[in-house]
Amino acid sequence: SPSGPSDVRAEIGVIGGSGLYEFLDDAVTVDVATPYGPPSDPLVVGEIAGRRVAFLPRHGADHRWPPHRIPYRANLWALRAVGVRQVLAPAAVGSLTHELPIGTLVVPDQVLDRTSGRDRTYYDGPPAGVVHVGFADPYCPAGRAAALQASAASGWPAVDGATLVVIDGPRFSSRAESQWYAAAGARIIGMTGMPEAALARELALCYTPMALVTDLDAGIETGEGVTMAEVFAVFKENVGRLRTVLMDVVAALPTERTCACGSALDGLNLGIELP
Ligand code: ADE
C-alpha cells in the first residue's frame with residue numbers, strides 16, 4: 001500500500017528512469033510497500049501533458065540492482081497499487097542485425113525469454129491460484145501504436161516490430177550465443193524485458209517496450225565485443241531525445257483502455273487480490 005502522501009495516484013507508469021524526473025510537474029516521491037518487498041526505488045509521481053505518471057528507475061536511482069536482481073514483482077505491483085494501468089518500458093538493447101544500427105529506437109512485437117532463476121510469476125502456489133495467462137502477443141497493441149505514432153511525429157521514428165531476446169546476464173553473450181539468438185529470429189537483445197512484461201500481463205496491465213540500440217552484439221561486431229562503457233555512453237548521448245519521445249508517447253496513450261490487456265485475467269481464479 002502506498003505510504004507518504006497516500007492520495008497520490010497515477011494512470012501511467014514509466015519504468016526506466018534516469019534523467020526523466022526533472023521534467024515532471026509537481027513531482028512527489030512515494031514509498032510503496034508490496035507483498036514482494038520494496039520496489040527498485042520509491043516511485044516519483046507527477047504530471048505530463050495532463051496525465052498522471054509514476055516513474056520508477058528499474059535499476060534504482062543509483063543503479064544498484066543488476067538485471068537478474070531487479071525486484072520485478074514488487075515494481076509492477078507498486079505501480080498497479082497507485083493506480084497505474086499502462087506501463088511504458090524504455091530499455092537499452094544490443095542489436096543482432098546491421099539493419100538496426102546504434103541509435104535506433106525499436107518497439108518490439110515479440111520476445112524470447114532466456115532468463116532463469118528470476119521470480120517470474122505472482123501465481124506461485126497457495127494462496128495464489130493456478131493461473132496461466134495468455135502471452136501470444138506480449139505487448140499492448142494500443143501502447144505500441146501510440147509509441148510508433150508519437151515517435152514518428154517527434155522526428156525519431158521507431159522501428160515497428162522486432163523479436164527481443166532477454167538473457168539472464170549480467171554478462172554479455174558469447175559470439176556463438178549471439179549468432180544463435182539471431183538465427184532463432186531475435187533482432188535485439190537485452191537483460192530486463194523479462195519477466196517484466198509477463199508480470200505486467202499477470203496484473204492485467206498494458207505494457208509497451210521501447211528499446212534503444214546502444215551497441216552491436218558480439219555476433220555481428222568485429223571488435224572486442226560489447227562493453228558496459230559503450231552501452232552507457234550511447235544511452236547517455238540519447239537520453240535527452242528519449243525523454244522527449246517518452247513524454248510524447250505518454251501524451252498519445254489512450255485515456256480509456258479498449259485493448260485486451262485489461263481482461264487478461266477474466267474468468268481466472270486468482271486466489272490473491274490485486275491492488
Ligand atoms: N543491453 C544493452 N546492450 C546489450 C547487449 N549487447 N546484450 C544484452 N543486453 C544489453
# chains A, B, ... in the order shown; residues from 1 in each chain; ligands from 1
>>> residues_around(residues="A:Pro275", least_positions_apart="5", cutoff="9 Å", atoms="only C-alpha atoms", output="PyMOL selection string")
chain A and resi 1+77-78+80-83
>>> residues_around(residues="A:Leu76", least_positions_apart="3", cutoff="10 Å", atoms="only C-alpha atoms", output="mmCIF file with N, CA, C and O atoms, in the first residue's frame")
data_model
loop_
_atom_site.group_PDB
_atom_site.id
_atom_site.type_symbol
_atom_site.label_atom_id
_atom_site.label_comp_id
_atom_site.auth_asym_id
_atom_site.auth_seq_id
_atom_site.Cartn_x
_atom_site.Cartn_y
_atom_site.Cartn_z
ATOM 1 N N GLY A 13 2.608 4.315 -15.940
ATOM 2 C CA GLY A 13 3.890 4.050 -15.296
ATOM 3 C C GLY A 13 5.002 4.062 -16.333
ATOM 4 O O GLY A 13 4.809 3.592 -17.457
ATOM 5 N N ILE A 15 8.885 2.745 -16.508
ATOM 6 C CA ILE A 15 9.966 2.037 -15.816
ATOM 7 C C ILE A 15 11.242 2.282 -16.607
ATOM 8 O O ILE A 15 11.364 1.876 -17.748
ATOM 9 N N THR A 34 5.035 -3.630 -0.811
ATOM 10 C CA THR A 34 4.299 -4.671 -1.537
ATOM 11 C C THR A 34 4.537 -6.013 -0.840
ATOM 12 O O THR A 34 5.487 -6.153 -0.067
ATOM 13 N N PRO A 39 9.880 -1.880 -4.098
ATOM 14 C CA PRO A 39 10.326 -1.777 -5.497
ATOM 15 C C PRO A 39 11.769 -1.277 -5.586
ATOM 16 O O PRO A 39 12.374 -0.956 -4.569
ATOM 17 N N LEU A 56 9.628 4.972 -12.237
ATOM 18 C CA LEU A 56 10.343 4.010 -11.405
ATOM 19 C C LEU A 56 11.662 3.656 -12.093
ATOM 20 O O LEU A 56 11.658 3.056 -13.169
ATOM 21 N N PRO A 71 13.820 -6.204 -8.460
ATOM 22 C CA PRO A 71 12.583 -6.737 -7.861
ATOM 23 C C PRO A 71 11.378 -6.515 -8.781
ATOM 24 O O PRO A 71 10.512 -5.690 -8.512
ATOM 25 N N TYR A 72 11.343 -7.289 -9.870
ATOM 26 C CA TYR A 72 10.326 -7.081 -10.902
ATOM 27 C C TYR A 72 8.899 -7.187 -10.359
ATOM 28 O O TYR A 72 8.023 -6.414 -10.720
ATOM 29 N N ARG A 73 8.671 -8.190 -9.490
ATOM 30 C CA ARG A 73 7.304 -8.360 -8.972
ATOM 31 C C ARG A 73 6.874 -7.146 -8.157
ATOM 32 O O ARG A 73 5.759 -6.644 -8.296
ATOM 33 N N LEU A 79 3.377 -0.209 -8.984
ATOM 34 C CA LEU A 79 2.769 0.678 -9.985
ATOM 35 C C LEU A 79 1.247 0.492 -10.001
ATOM 36 O O LEU A 79 0.489 1.457 -9.981
ATOM 37 N N ARG A 80 0.824 -0.780 -10.007
ATOM 38 C CA ARG A 80 -0.617 -1.022 -10.022
ATOM 39 C C ARG A 80 -1.285 -0.461 -8.756
ATOM 40 O O ARG A 80 -2.414 0.032 -8.794
ATOM 41 N N ALA A 81 -0.561 -0.542 -7.640
ATOM 42 C CA ALA A 81 -1.114 -0.097 -6.351
ATOM 43 C C ALA A 81 -1.405 1.400 -6.323
ATOM 44 O O ALA A 81 -2.281 1.845 -5.587
ATOM 45 N N VAL A 84 -1.752 2.703 -11.612
ATOM 46 C CA VAL A 84 -1.224 2.579 -12.980
ATOM 47 C C VAL A 84 -1.877 1.404 -13.706
ATOM 48 O O VAL A 84 -2.024 0.310 -13.155
ATOM 49 N N ARG A 85 -2.279 1.636 -14.961
ATOM 50 C CA ARG A 85 -2.825 0.555 -15.792
ATOM 51 C C ARG A 85 -2.081 0.414 -17.115
ATOM 52 O O ARG A 85 -2.241 -0.584 -17.810
ATOM 53 N N VAL A 87 1.868 0.765 -18.815
ATOM 54 C CA VAL A 87 3.291 0.872 -18.486
ATOM 55 C C VAL A 87 4.094 1.076 -19.768
ATOM 56 O O VAL A 87 3.939 0.326 -20.740
ATOM 57 N N GLU A 196 9.569 -8.836 -16.676
ATOM 58 C CA GLU A 196 8.793 -7.600 -16.520
ATOM 59 C C GLU A 196 7.493 -7.610 -17.335
ATOM 60 O O GLU A 196 6.409 -7.326 -16.800
ATOM 61 N N ALA A 197 7.606 -7.963 -18.624
ATOM 62 C CA ALA A 197 6.418 -7.938 -19.491
ATOM 63 C C ALA A 197 5.380 -8.974 -19.056
ATOM 64 O O ALA A 197 4.170 -8.705 -19.068
ATOM 65 N N LEU A 199 4.936 -10.229 -16.045
ATOM 66 C CA LEU A 199 4.328 -9.820 -14.772
ATOM 67 C C LEU A 199 3.289 -8.727 -15.000
ATOM 68 O O LEU A 199 2.241 -8.708 -14.340
ATOM 69 N N ALA A 200 3.571 -7.838 -15.948
ATOM 70 C CA ALA A 200 2.570 -6.826 -16.293
ATOM 71 C C ALA A 200 1.292 -7.506 -16.781
ATOM 72 O O ALA A 200 0.183 -7.163 -16.360
ATOM 73 N N ARG A 201 1.428 -8.491 -17.660
ATOM 74 C CA ARG A 201 0.262 -9.229 -18.157
ATOM 75 C C ARG A 201 -0.457 -9.939 -17.011
ATOM 76 O O ARG A 201 -1.692 -9.998 -16.966
ATOM 77 N N GLU A 202 0.305 -10.486 -16.072
ATOM 78 C CA GLU A 202 -0.311 -11.179 -14.928
ATOM 79 C C GLU A 202 -1.088 -10.231 -14.011
ATOM 80 O O GLU A 202 -1.876 -10.676 -13.181
ATOM 81 N N LEU A 203 -0.844 -8.936 -14.149
ATOM 82 C CA LEU A 203 -1.621 -7.947 -13.396
ATOM 83 C C LEU A 203 -2.607 -7.210 -14.296
ATOM 84 O O LEU A 203 -3.168 -6.186 -13.897
ATOM 85 N N LEU A 205 -2.061 -5.399 -16.834
ATOM 86 C CA LEU A 205 -1.587 -4.066 -17.213
ATOM 87 C C LEU A 205 -1.228 -4.052 -18.697
ATOM 88 O O LEU A 205 -0.780 -5.063 -19.240
#
>>> residues_near_ligand(ligand="ligand 1", cutoff="6 Å", atoms="only C-alpha atoms and all ligand atoms", output="list in words")
Ala92, Val93, Gly94, Phe172, Ile189, Gly190, Met191, Thr214, Asp215, Asp217, Val226 and Val231 of chain A
>>> closest_atom_pairs(of="stretch 123-188 of chain A", to="stretch 98-102 of chain A", cutoff="9 Å", atoms="only C-alpha atoms", output="Markdown table")
| residue | atom | partner | partner_atom | distance |
| --- | --- | --- | --- | --- |
| A:Val159 | CA | A:Leu100 | CA | 8.5 |
| A:Arg187 | CA | A:Leu100 | CA | 7.9 |
| A:Ile188 | CA | A:Leu100 | CA | 8.2 |
>>> write_last_selection(atoms="all heavy atoms", output="PDB file, in the first residue's frame")
ATOM      1  N   VAL A 159      11.339   1.837 -35.087  1.00  0.00           N
ATOM      2  CA  VAL A 159      11.125   0.685 -35.961  1.00  0.00           C
ATOM      3  C   VAL A 159       9.968  -0.140 -35.388  1.00  0.00           C
ATOM      4  O   VAL A 159       9.927  -0.428 -34.185  1.00  0.00           O
ATOM      5  CB  VAL A 159      12.410  -0.161 -36.068  1.00  0.00           C
ATOM      6  CG1 VAL A 159      12.142  -1.487 -36.778  1.00  0.00           C
ATOM      7  CG2 VAL A 159      13.497   0.637 -36.788  1.00  0.00           C
ATOM      8  N   ARG A 187      16.158 -10.018 -33.078  1.00  0.00           N
ATOM      9  CA  ARG A 187      16.892  -8.928 -33.733  1.00  0.00           C
ATOM     10  C   ARG A 187      17.479  -7.941 -32.726  1.00  0.00           C
ATOM     11  O   ARG A 187      18.350  -7.144 -33.068  1.00  0.00           O
ATOM     12  CB  ARG A 187      15.983  -8.204 -34.729  1.00  0.00           C
ATOM     13  CG  ARG A 187      15.505  -9.150 -35.847  1.00  0.00           C
ATOM     14  CD  ARG A 187      15.211  -8.403 -37.131  1.00  0.00           C
ATOM     15  NE  ARG A 187      14.092  -7.489 -36.952  1.00  0.00           N
ATOM     16  CZ  ARG A 187      13.888  -6.402 -37.695  1.00  0.00           C
ATOM     17  NH1 ARG A 187      14.736  -6.071 -38.641  1.00  0.00           N
ATOM     18  NH2 ARG A 187      12.836  -5.643 -37.481  1.00  0.00           N
ATOM     19  N   ILE A 188      17.005  -7.965 -31.493  1.00  0.00           N
ATOM     20  CA  ILE A 188      17.595  -7.152 -30.428  1.00  0.00           C
ATOM     21  C   ILE A 188      17.711  -7.987 -29.157  1.00  0.00           C
ATOM     22  O   ILE A 188      16.982  -8.979 -28.983  1.00  0.00           O
ATOM     23  CB  ILE A 188      16.779  -5.862 -30.150  1.00  0.00           C
ATOM     24  CG1 ILE A 188      15.288  -6.160 -30.008  1.00  0.00           C
ATOM     25  CG2 ILE A 188      17.039  -4.816 -31.224  1.00  0.00           C
ATOM     26  CD1 ILE A 188      14.449  -4.930 -29.685  1.00  0.00           C
TER      27      ILE A 188
END
>>> select_by_dssp(residues="stretch 131-237 of chain A", states="helix (DSSP H, G or I)", output="JSON, numbers by chain")
{"A": [141, 142, 143, 144, 145, 146, 147, 148, 149, 150, 151, 152, 153, 175, 176, 177, 178, 179, 180, 181, 182, 183, 196, 197, 198, 199, 200, 201, 202, 228, 229, 230, 231, 232, 233, 234, 235, 236, 237]}
>>> closest_residue(among="A:Ile70, A:Val45, A:Val250, A:Leu96", to="A:Gly117", atoms="only C-alpha atoms")
A:Ile70
>>> residues_around(residues="A:His68", least_positions_apart="4", cutoff="8 Å", atoms="only C-alpha atoms", output="VMD selection string")
chain A and resid 118 168 to 170 191 to 192
>>> atom_distance(atom1="atom CA of A:Pro57", atom2="atom CA of A:Pro157")
24.2 Å
>>> residues_around(residues="stretch 134-149 of chain A", least_positions_apart="5", cutoff="7 Å", atoms="only C-alpha atoms", output="PyMOL selection string")
chain A and resi 107+109-110+157-158+160+197+206-208+249+252-253+259+261
>>> atom_distance(atom1="atom CA of A:Val44", atom2="atom CA of A:Tyr123")
27.8 Å
>>> closest_residue(among="A:Ala218, A:Leu268, A:Met194, A:Leu212", to="A:Arg69", atoms="only C-alpha atoms")
A:Met194
